[in-house]
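This is target-v5.cif (mmCIF, C-alpha atoms).
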```cif
data_work
#
loop_
_atom_site.label_atom_id
_atom_site.label_comp_id
_atom_site.auth_asym_id
_atom_site.auth_seq_id
_atom_site.Cartn_x
_atom_site.Cartn_y
_atom_site.Cartn_z
CA MET A 223 -56.78 -38.81 -63.12
CA PHE A 224 -56.61 -42.57 -63.53
CA PHE A 225 -58.81 -44.53 -65.97
CA ARG A 226 -59.29 -48.18 -66.96
CA ILE A 227 -60.29 -48.92 -70.56
CA ARG A 228 -61.84 -52.15 -71.83
CA PHE A 229 -61.27 -52.65 -75.54
CA ALA A 230 -61.80 -55.19 -78.30
CA LYS A 231 -59.25 -56.63 -80.71
CA TYR A 232 -60.63 -58.41 -83.77
CA GLY A 233 -60.47 -58.81 -87.54
CA VAL A 234 -57.05 -58.51 -89.15
CA ILE A 235 -55.73 -56.74 -86.04
CA LYS A 236 -55.71 -60.15 -84.31
CA PHE A 237 -52.49 -60.87 -86.22
CA ILE A 238 -50.72 -57.92 -84.57
CA GLY A 239 -48.50 -58.89 -81.62
CA HIS A 240 -48.71 -57.40 -78.13
CA LEU A 241 -45.74 -55.03 -78.45
CA ASP A 242 -47.15 -53.60 -81.66
CA ILE A 243 -50.58 -53.20 -80.01
CA MET A 244 -48.88 -51.17 -77.29
CA ARG A 245 -47.22 -48.95 -79.89
CA TYR A 246 -50.51 -48.71 -81.80
CA PHE A 247 -52.36 -47.30 -78.77
CA GLN A 248 -49.48 -44.99 -77.89
CA LYS A 249 -49.64 -43.52 -81.39
CA ALA A 250 -53.45 -43.38 -81.30
CA VAL A 251 -53.32 -41.37 -78.06
CA ARG A 252 -50.76 -38.98 -79.54
CA ARG A 253 -52.91 -38.52 -82.65
CA SER A 254 -55.98 -37.88 -80.50
CA GLY A 255 -54.30 -35.00 -78.68
CA LEU A 256 -55.23 -36.40 -75.27
CA LEU A 257 -52.88 -35.10 -72.57
CA ILE A 258 -51.74 -38.42 -71.19
CA GLU A 259 -49.16 -38.35 -68.39
CA TYR A 260 -45.55 -39.39 -69.04
CA SER A 261 -42.99 -41.03 -66.78
CA GLN A 262 -40.06 -39.03 -65.46
CA GLY A 263 -36.39 -39.51 -66.36
CA TYR A 264 -34.21 -39.61 -69.46
CA SER A 265 -36.58 -41.73 -71.52
CA PRO A 266 -40.15 -40.67 -70.70
CA HIS A 267 -42.97 -42.90 -71.87
CA GLN A 268 -46.74 -42.75 -71.69
CA LEU A 269 -48.23 -44.02 -68.43
CA MET A 270 -50.16 -46.84 -70.07
CA VAL A 271 -50.34 -50.38 -68.61
CA PHE A 272 -51.96 -53.38 -70.30
CA ALA A 273 -53.58 -56.13 -68.23
CA SER A 274 -52.30 -59.25 -69.97
CA PRO A 275 -50.59 -59.92 -73.32
CA LEU A 276 -52.81 -61.47 -75.97
CA GLY A 277 -51.28 -64.02 -78.32
CA VAL A 278 -51.10 -63.46 -82.06
CA GLY A 279 -54.23 -64.69 -83.85
CA ILE A 280 -56.48 -64.43 -80.79
CA THR A 281 -59.50 -62.11 -80.83
CA SER A 282 -60.89 -60.46 -77.73
CA ASP A 283 -63.67 -58.35 -76.25
CA GLY A 284 -62.05 -58.33 -72.83
CA GLU A 285 -58.74 -56.46 -73.10
CA TYR A 286 -57.87 -53.83 -70.50
CA MET A 287 -55.40 -50.99 -70.21
CA ASP A 288 -54.86 -48.29 -67.59
CA ILE A 289 -53.96 -44.71 -68.45
CA SER A 290 -53.11 -41.66 -66.36
CA VAL A 291 -54.39 -38.39 -67.81
CA GLU A 292 -53.14 -34.92 -66.87
CA ASN A 293 -55.61 -32.85 -64.88
CA ASP A 294 -55.18 -30.06 -67.45
CA ALA A 295 -56.64 -32.24 -70.21
CA VAL A 296 -59.69 -30.53 -71.71
CA GLU A 297 -61.83 -33.63 -71.02
CA ILE A 298 -61.08 -33.30 -67.30
CA THR A 299 -61.28 -29.52 -67.06
CA GLU A 300 -64.72 -29.53 -68.71
CA ALA A 301 -65.93 -32.30 -66.40
CA VAL A 302 -64.74 -30.40 -63.31
CA LYS A 303 -66.44 -27.22 -64.56
CA ALA A 304 -69.68 -29.17 -64.99
CA VAL A 305 -69.51 -30.29 -61.37
CA LYS A 306 -68.00 -27.22 -59.66
CA GLY A 307 -68.76 -24.41 -62.11
CA ASP A 308 -65.07 -23.57 -62.50
CA TYR A 309 -61.69 -25.24 -62.85
CA SER A 310 -58.31 -24.93 -61.15
CA ALA A 311 -55.78 -27.22 -59.51
CA GLU A 312 -56.98 -25.97 -56.12
CA ILE A 313 -60.59 -26.81 -56.95
CA ILE A 314 -59.63 -30.40 -57.81
CA LYS A 315 -57.79 -30.77 -54.50
CA SER A 316 -60.81 -29.45 -52.59
CA MET A 317 -63.37 -31.74 -54.28
CA THR A 318 -65.05 -34.44 -52.21
CA ASP A 319 -64.75 -38.09 -53.23
CA GLU A 320 -68.31 -37.98 -54.59
CA GLU A 321 -67.57 -34.87 -56.67
CA LEU A 322 -64.34 -36.39 -58.01
CA ALA A 323 -66.16 -39.58 -58.95
CA LEU A 324 -68.86 -37.61 -60.77
CA ALA A 325 -66.30 -35.52 -62.67
CA GLY A 326 -64.15 -38.59 -63.34
CA ASN A 327 -67.04 -40.54 -64.83
CA GLN A 328 -68.00 -37.61 -67.04
CA ALA A 329 -64.38 -37.18 -68.15
CA ALA A 330 -64.15 -40.91 -68.90
CA GLN A 331 -66.83 -40.72 -71.59
CA ALA A 332 -65.13 -37.72 -73.21
CA ILE A 333 -61.76 -39.51 -73.13
CA ALA A 334 -63.26 -42.61 -74.77
CA LYS A 335 -64.67 -40.44 -77.56
CA THR A 336 -61.34 -38.64 -78.00
CA ILE A 337 -59.31 -41.85 -78.34
CA SER A 338 -61.93 -43.68 -80.45
CA GLY A 339 -61.55 -41.07 -83.18
CA SER A 340 -57.94 -42.20 -83.69
CA LEU A 341 -58.54 -45.96 -83.74
CA THR A 342 -58.79 -48.09 -86.88
CA GLU A 343 -61.08 -51.02 -87.68
CA GLY A 344 -60.10 -54.00 -85.57
CA THR A 345 -59.94 -52.17 -82.25
CA GLU A 346 -62.83 -50.63 -80.34
CA ILE A 347 -63.26 -49.10 -76.90
CA ILE A 348 -66.05 -51.03 -75.16
CA SER A 349 -66.07 -49.18 -71.85
CA ILE A 350 -64.01 -46.84 -69.69
CA ARG A 351 -64.23 -46.01 -66.02
CA TYR A 352 -62.61 -43.64 -63.59
CA ILE A 353 -60.48 -45.27 -60.86
CA PRO A 354 -60.61 -43.14 -57.67
CA TRP A 355 -57.19 -41.81 -56.69
CA ARG A 356 -55.78 -38.59 -55.28
CA GLU A 357 -52.20 -37.42 -55.70
CA GLY A 358 -50.19 -38.20 -52.62
CA GLU A 359 -52.18 -41.34 -51.85
CA LYS A 360 -51.12 -44.90 -52.61
CA HIS A 361 -51.55 -45.50 -56.32
CA PRO A 362 -54.28 -48.03 -57.26
CA GLU A 363 -53.08 -51.44 -58.36
CA ASN A 364 -52.76 -51.57 -62.13
CA ALA A 365 -54.73 -53.96 -64.30
CA MET A 366 -51.76 -56.24 -64.92
CA SER A 367 -51.29 -57.03 -61.22
CA LEU A 368 -55.02 -57.59 -60.62
CA VAL A 369 -55.75 -60.33 -63.17
CA ASN A 370 -56.55 -63.72 -61.65
CA GLY A 371 -59.00 -65.21 -64.16
CA ALA A 372 -60.22 -65.02 -67.74
CA ASP A 373 -62.99 -66.29 -70.03
CA TYR A 374 -62.26 -67.90 -73.39
CA LEU A 375 -64.33 -69.25 -76.26
CA MET A 376 -62.72 -71.99 -78.35
CA SER A 377 -64.33 -72.50 -81.79
CA VAL A 378 -63.52 -74.94 -84.59
CA LYS A 379 -62.69 -72.90 -87.69
CA ASP A 380 -64.19 -73.43 -91.14
CA GLY A 381 -62.14 -75.79 -93.28
CA TYR A 382 -60.97 -77.87 -90.31
CA LEU A 383 -62.29 -81.18 -89.07
CA VAL A 384 -61.60 -82.42 -85.57
CA GLU A 385 -61.51 -86.19 -85.87
CA GLY A 386 -63.97 -87.84 -83.51
CA ILE A 387 -65.99 -84.66 -82.89
CA ALA A 388 -68.41 -84.35 -85.77
CA ASN A 389 -70.98 -81.90 -84.34
CA GLU A 390 -72.13 -79.89 -81.31
CA GLU A 391 -73.91 -82.85 -79.71
CA GLU A 392 -70.86 -85.08 -79.91
CA ALA A 393 -68.65 -82.28 -78.56
CA ALA A 394 -71.03 -81.74 -75.62
CA GLU A 395 -71.13 -85.44 -74.78
CA LYS A 396 -67.36 -85.88 -74.83
CA TRP A 397 -66.73 -82.62 -72.98
CA GLN A 398 -69.05 -83.68 -70.16
CA LYS A 399 -67.14 -86.93 -69.72
CA PHE A 400 -63.83 -85.04 -69.83
CA ILE A 401 -64.75 -82.36 -67.30
CA SER A 402 -66.32 -84.90 -64.95
CA GLN A 403 -62.95 -86.54 -64.26
CA ASP A 404 -61.58 -86.30 -60.73
CA SER A 405 -58.37 -84.79 -62.09
CA ILE A 406 -57.08 -83.43 -65.40
CA ASN A 407 -53.31 -83.73 -65.57
CA ILE A 408 -51.08 -81.94 -68.03
CA VAL A 409 -47.33 -81.37 -68.34
CA LYS A 410 -46.78 -77.67 -67.74
CA LYS A 411 -43.58 -75.89 -68.76
CA THR A 412 -42.05 -73.69 -66.04
CA LYS A 413 -38.85 -71.68 -65.63
CA ASN A 414 -37.29 -74.69 -63.96
CA GLY A 415 -38.34 -77.22 -66.58
CA GLU A 416 -41.50 -79.31 -66.84
CA LYS A 417 -43.84 -80.59 -64.16
CA GLU A 418 -47.08 -82.54 -64.07
CA MET A 419 -50.03 -80.48 -62.88
CA ASP A 420 -53.69 -81.12 -62.18
CA ILE A 421 -55.56 -78.25 -63.85
CA LYS A 422 -59.06 -79.37 -62.84
CA PRO A 423 -59.18 -76.95 -59.83
CA TYR A 424 -58.30 -74.06 -62.16
CA ILE A 425 -61.18 -74.62 -64.59
CA PHE A 426 -63.87 -72.60 -62.80
CA ALA A 427 -66.63 -72.94 -65.40
CA SER A 428 -67.24 -74.41 -68.83
CA ALA A 429 -70.07 -74.72 -71.33
CA VAL A 430 -70.70 -76.14 -74.78
CA ASN A 431 -74.21 -75.12 -75.85
CA ASP A 432 -75.20 -71.56 -76.79
CA ALA A 433 -77.68 -71.02 -73.95
CA ASP A 434 -75.15 -71.88 -71.23
CA ILE A 435 -72.40 -69.87 -72.91
CA LYS A 436 -74.66 -66.81 -73.11
CA GLU A 437 -75.43 -67.10 -69.39
CA LEU A 438 -71.74 -67.13 -68.52
CA THR A 439 -70.76 -64.05 -70.55
CA ASP A 440 -71.78 -60.42 -70.34
CA GLU A 441 -73.40 -58.51 -73.21
CA TYR A 442 -70.05 -57.49 -74.70
CA GLY A 443 -67.96 -60.63 -74.16
CA LEU A 444 -68.74 -62.25 -77.51
CA LEU A 445 -69.41 -59.06 -79.47
CA HIS A 446 -66.54 -59.66 -81.91
CA ALA A 447 -66.17 -63.44 -81.58
CA ASP A 448 -65.96 -65.15 -84.98
CA SER A 449 -68.65 -67.73 -85.72
CA TYR A 450 -68.17 -70.83 -87.86
CA GLU A 451 -70.38 -73.28 -89.72
CA SER A 452 -69.46 -76.31 -87.61
CA GLY A 453 -70.97 -74.68 -84.51
CA ILE A 454 -68.50 -76.61 -82.33
CA LYS A 455 -67.37 -74.33 -79.49
CA ILE A 456 -66.32 -74.67 -75.87
CA PHE A 457 -66.40 -71.90 -73.27
CA LEU A 458 -63.78 -71.90 -70.51
CA ARG A 459 -63.32 -69.81 -67.37
CA LEU A 460 -59.73 -70.33 -66.28
CA SER A 461 -57.23 -69.17 -63.70
CA ALA A 462 -55.00 -66.45 -65.15
CA GLY A 463 -52.37 -63.98 -64.06
CA SER A 464 -49.03 -64.17 -62.29
CA GLN A 465 -49.99 -66.82 -59.72
CA THR A 466 -51.47 -69.65 -61.82
CA ASN A 467 -51.91 -69.02 -65.52
CA ILE A 468 -53.73 -71.76 -67.43
CA LYS A 469 -53.74 -71.37 -71.20
CA PRO A 470 -56.90 -72.45 -73.05
CA GLU A 471 -54.74 -74.34 -75.55
CA ALA A 472 -53.46 -76.54 -72.72
CA VAL A 473 -57.02 -77.43 -71.71
CA MET A 474 -58.00 -78.25 -75.28
CA GLU A 475 -54.87 -80.34 -75.77
CA ALA A 476 -55.82 -82.35 -72.67
CA PHE A 477 -59.39 -82.68 -73.99
CA CYS A 478 -58.20 -83.96 -77.36
CA ALA A 479 -55.85 -86.43 -75.66
CA PHE A 480 -58.80 -87.67 -73.57
CA CYS A 481 -60.76 -88.21 -76.81
CA GLY A 482 -57.83 -90.07 -78.34
CA ILE A 483 -57.24 -87.51 -81.09
CA GLU A 484 -54.36 -85.21 -81.95
CA PHE A 485 -54.68 -81.56 -80.96
CA ASN A 486 -54.35 -79.18 -83.91
CA GLY A 487 -53.88 -75.63 -82.65
CA PHE A 488 -54.66 -74.19 -86.08
CA ALA A 489 -58.15 -75.72 -86.04
CA TRP A 490 -59.29 -73.74 -83.00
CA GLN A 491 -60.02 -70.01 -82.92
CA ILE A 492 -59.47 -68.51 -79.46
CA HIS A 493 -61.52 -65.54 -78.27
CA ARG A 494 -60.92 -63.91 -74.89
CA ALA A 495 -64.25 -62.64 -73.60
CA GLN A 496 -63.38 -61.15 -70.22
CA MET A 497 -60.73 -60.81 -67.51
CA TYR A 498 -61.35 -60.79 -63.78
CA SER A 499 -59.75 -59.35 -60.67
CA ASN A 500 -61.70 -61.92 -58.64
CA VAL A 501 -62.68 -64.85 -60.82
CA LEU A 502 -64.57 -66.69 -58.05
CA GLU A 503 -66.84 -63.70 -57.47
CA LYS A 504 -66.86 -62.90 -61.22
CA THR A 505 -65.54 -59.37 -60.63
CA PRO A 506 -64.31 -57.87 -63.95
CA LEU A 507 -61.23 -55.69 -64.02
#
```
Would you mind writing the structure in this file as structure tokens?
Amino acid sequence: MFFRIRFAKYGVIKFIGHLDIMRYFQKAVRRSGLLIEYSQGYSPHQLMVFASPLGVGITSDGEYMDISVENDAVEITEAVKAVKGDYSAEIIKSMTDEELALAGNQAAQAIAKTISGSLTEGTEIISIRYIPWREGEKHPENAMSLVNGADYLMSVKDGYLVEGIANEEEAAEKWQKFISQDSINIVKKTKNGEKEMDIKPYIFASAVNDADIKELTDEYGLLHADSYESGIKIFLRLSAGSQTNIKPEAVMEAFCAFCGIEFNGFAWQIHRAQMYSNVLEKTPL
């Protein structure tokens, strides 16, 4: 069975790079005893796919990974027994889509509990859901290929001053002038060099005050976001993924240039709140 897990990355774990996060979850799954499926061939690896790499130092409540779990896993066998009264490979094949969905959703909760017992502070499973799929059918698209948007919260850290932006009110005033421009041009690095790009069409939403930010995020999006005394923060909903990927740092650099100040990447804490498969319809992964 195929499952999609949403997890958080926060605290000191934010300083762990993406490759090490992958290894961390692989080891956590092995410690948990969950019967995850492995690839075939000379160098088998766990069938685990992450949606989008997260940079070092960035916290998140919107990370996603897909896992394929063997049908013989106890979490799945118990869920099938609860639905059908018994378990066998033949029973799974004979189950209707509704029965599979019911068993899959029950198994998902058991799988979350199994993996959570092997995680350390700094990572947390927020949700898990069963992705309908039968063997022999076309495999569902993985989370990595589906991403086309993401939410970010940019906050000024304690101990840093952003020249020209003294408080929330001043930040809100200057941000409104910035985002109201007809175009927002940046120099974007590509495989073929550098090119000028208007990123205004790829900023789908933004907010500065707490009430508006709360409206734009779900109940878990800012669960582990760090808060700072300055209270200066800017929420961004940006295009992401393989087609057009806009980094929040690029937007903030353009904002600082508009304000006539130098952008200091160390002054801003980035928190990824959510990722979307359809950012215009606000459909989470």
What would the list of residues within 7 Å of (-53.5, -69.8, -83.6) (file frame) look like as a ChimeraX atom specification, if only C-alpha atoms are what count? /A:278-280,487-488,491
Generate a file of the selected residues that holds C-alpha atoms, formatted as a PDB file, in the frame of the given file.
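Output saved as part22.pdb:
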```
ATOM      1  CA  VAL A 278     -51.100 -63.460 -82.060  1.00  0.00           C
ATOM      2  CA  GLY A 279     -54.230 -64.690 -83.850  1.00  0.00           C
ATOM      3  CA  ILE A 280     -56.480 -64.430 -80.790  1.00  0.00           C
ATOM      4  CA  GLY A 487     -53.880 -75.630 -82.650  1.00  0.00           C
ATOM      5  CA  PHE A 488     -54.660 -74.190 -86.080  1.00  0.00           C
ATOM      6  CA  GLN A 491     -60.020 -70.010 -82.920  1.00  0.00           C
TER       7      GLN A 491
END
```
Using atom CA of A:Gly371 and atom CA of A:Ile238 as the two end points, give the distance in Å to one decimal.
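Distance reported for this atom pair: 23.2 Å.
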### Message
Taking all atoms listed in the file into account, name the residue in A:Ala462, A:Ile387, A:Ala332, A:Val291 that is nearest to A:Leu502.
### Response
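Looking at the shortest contact to A:Leu502, the residue is A:Ala462.
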Please expand the PyMOL selection byres ((chain A and resi 484) around 12) into the concrete residues it hits in this file, giving the result as a PDB file with C-alpha atoms, keeping the file's coordinate frame.
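File produced: part_35.pdb:
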```pdb
ATOM      1  CA  LEU A 383     -62.290 -81.180 -89.070  1.00  0.00           C
ATOM      2  CA  VAL A 384     -61.600 -82.420 -85.570  1.00  0.00           C
ATOM      3  CA  GLU A 385     -61.510 -86.190 -85.870  1.00  0.00           C
ATOM      4  CA  GLY A 386     -63.970 -87.840 -83.510  1.00  0.00           C
ATOM      5  CA  ILE A 387     -65.990 -84.660 -82.890  1.00  0.00           C
ATOM      6  CA  MET A 474     -58.000 -78.250 -75.280  1.00  0.00           C
ATOM      7  CA  GLU A 475     -54.870 -80.340 -75.770  1.00  0.00           C
ATOM      8  CA  ALA A 476     -55.820 -82.350 -72.670  1.00  0.00           C
ATOM      9  CA  PHE A 477     -59.390 -82.680 -73.990  1.00  0.00           C
ATOM     10  CA  CYS A 478     -58.200 -83.960 -77.360  1.00  0.00           C
ATOM     11  CA  ALA A 479     -55.850 -86.430 -75.660  1.00  0.00           C
ATOM     12  CA  PHE A 480     -58.800 -87.670 -73.570  1.00  0.00           C
ATOM     13  CA  CYS A 481     -60.760 -88.210 -76.810  1.00  0.00           C
ATOM     14  CA  GLY A 482     -57.830 -90.070 -78.340  1.00  0.00           C
ATOM     15  CA  ILE A 483     -57.240 -87.510 -81.090  1.00  0.00           C
ATOM     16  CA  PHE A 485     -54.680 -81.560 -80.960  1.00  0.00           C
ATOM     17  CA  ASN A 486     -54.350 -79.180 -83.910  1.00  0.00           C
ATOM     18  CA  GLY A 487     -53.880 -75.630 -82.650  1.00  0.00           C
ATOM     19  CA  PHE A 488     -54.660 -74.190 -86.080  1.00  0.00           C
ATOM     20  CA  ALA A 489     -58.150 -75.720 -86.040  1.00  0.00           C
TER      21      ALA A 489
END
```
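Evaluated against the shown file, the PyMOL selection byres ((chain A and resi 232) around 7) gives A:Ala230, A:Lys231, A:Gly233, A:Val234, A:Ile235, A:Lys236, A:Thr281, A:Ser282, A:Gly344, A:Thr345, A:His446.
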I'd like a table as a tab-separated table: residues in stretch 407-457 of chain A with an atom no more than 12 Å from stretch 375-380 of chain A, each row giving the shortest atom pair and its distance in Å to one decimal, only C-alpha atoms counted, sorted by chain and rising residue number.
```
residue	atom	partner	partner_atom	distance
A:Ala427	CA	A:Leu375	CA	11.7
A:Ser428	CA	A:Leu375	CA	9.5
A:Ala429	CA	A:Leu375	CA	9.3
A:Val430	CA	A:Leu375	CA	9.5
A:Asn431	CA	A:Leu375	CA	11.5
A:Asp432	CA	A:Leu375	CA	11.1
A:Ile435	CA	A:Leu375	CA	8.8
A:Lys436	CA	A:Leu375	CA	11.1
A:Leu438	CA	A:Leu375	CA	10.9
A:Thr439	CA	A:Leu375	CA	10.0
A:Gly443	CA	A:Leu375	CA	9.6
A:Leu444	CA	A:Leu375	CA	8.4
A:Leu445	CA	A:Leu375	CA	11.8
A:His446	CA	A:Leu375	CA	11.3
A:Ala447	CA	A:Leu375	CA	8.1
A:Asp448	CA	A:Ser377	CA	8.2
A:Ser449	CA	A:Ser377	CA	7.5
A:Tyr450	CA	A:Asp380	CA	5.8
A:Glu451	CA	A:Asp380	CA	6.4
A:Ser452	CA	A:Val378	CA	6.8
A:Gly453	CA	A:Val378	CA	7.5
A:Ile454	CA	A:Val378	CA	5.7
A:Lys455	CA	A:Ser377	CA	4.2
A:Ile456	CA	A:Met376	CA	5.1
A:Phe457	CA	A:Leu375	CA	4.5
```
Near-A:Val302 list (10 Å; all atoms listed in the file; drop same-chain fewer than 3 positions) as a list in words:
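Counting all atoms listed in the file, the residues come to Asn293, Val296, Glu297, Ile298, Thr299, Val305, Lys306, Gly307, Asp308, Tyr309, Ser310, Ile313, Ile314, Met317, Glu321, Leu322, Leu324, Ala325, Gly326, Gln328 and Ala329 of chain A.
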Residue with the minimum atom-to-atom distance to A:Lys422, picked from A:Tyr246, A:Phe237, A:Phe400, A:Phe272 with only C-alpha atoms counted, is A:Phe400
Exercise for review: Please provide as a ChimeraX atom specification all residues within 10 Å of A:Ile421, with the sequence filter that same-chain residues fewer than 5 positions apart are discarded (counting only C-alpha atoms).
Suggested key: /A:405-410,460-461,466,468,472-473,476
Identify which of the residues A:Asp404, A:Glu292, A:Glu471, A:Glu312 lies closest to A:Gln268, counting all atoms listed in the file when measuring atom-to-atom distances.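 Comparing A:Asp404, A:Glu292, A:Glu471, A:Glu312 against A:Gln268, the winner is A:Glu292.
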Give me the result of the PyMOL selection byres ((chain A and resi 363) around 12) on this file, residue by residue, as an mmCIF file with C-alpha atoms, in the coordinates of the input.
```cif
data_model
loop_
_atom_site.group_PDB
_atom_site.id
_atom_site.type_symbol
_atom_site.label_atom_id
_atom_site.label_comp_id
_atom_site.auth_asym_id
_atom_site.auth_seq_id
_atom_site.Cartn_x
_atom_site.Cartn_y
_atom_site.Cartn_z
ATOM 1 C CA PHE A 224 -56.610 -42.570 -63.530
ATOM 2 C CA PHE A 225 -58.810 -44.530 -65.970
ATOM 3 C CA ARG A 226 -59.290 -48.180 -66.960
ATOM 4 C CA VAL A 271 -50.340 -50.380 -68.610
ATOM 5 C CA ALA A 273 -53.580 -56.130 -68.230
ATOM 6 C CA ASP A 288 -54.860 -48.290 -67.590
ATOM 7 C CA ILE A 353 -60.480 -45.270 -60.860
ATOM 8 C CA PRO A 354 -60.610 -43.140 -57.670
ATOM 9 C CA TRP A 355 -57.190 -41.810 -56.690
ATOM 10 C CA LYS A 360 -51.120 -44.900 -52.610
ATOM 11 C CA HIS A 361 -51.550 -45.500 -56.320
ATOM 12 C CA PRO A 362 -54.280 -48.030 -57.260
ATOM 13 C CA ASN A 364 -52.760 -51.570 -62.130
ATOM 14 C CA ALA A 365 -54.730 -53.960 -64.300
ATOM 15 C CA MET A 366 -51.760 -56.240 -64.920
ATOM 16 C CA SER A 367 -51.290 -57.030 -61.220
ATOM 17 C CA LEU A 368 -55.020 -57.590 -60.620
ATOM 18 C CA VAL A 369 -55.750 -60.330 -63.170
ATOM 19 C CA SER A 499 -59.750 -59.350 -60.670
ATOM 20 C CA LEU A 507 -61.230 -55.690 -64.020
#
```
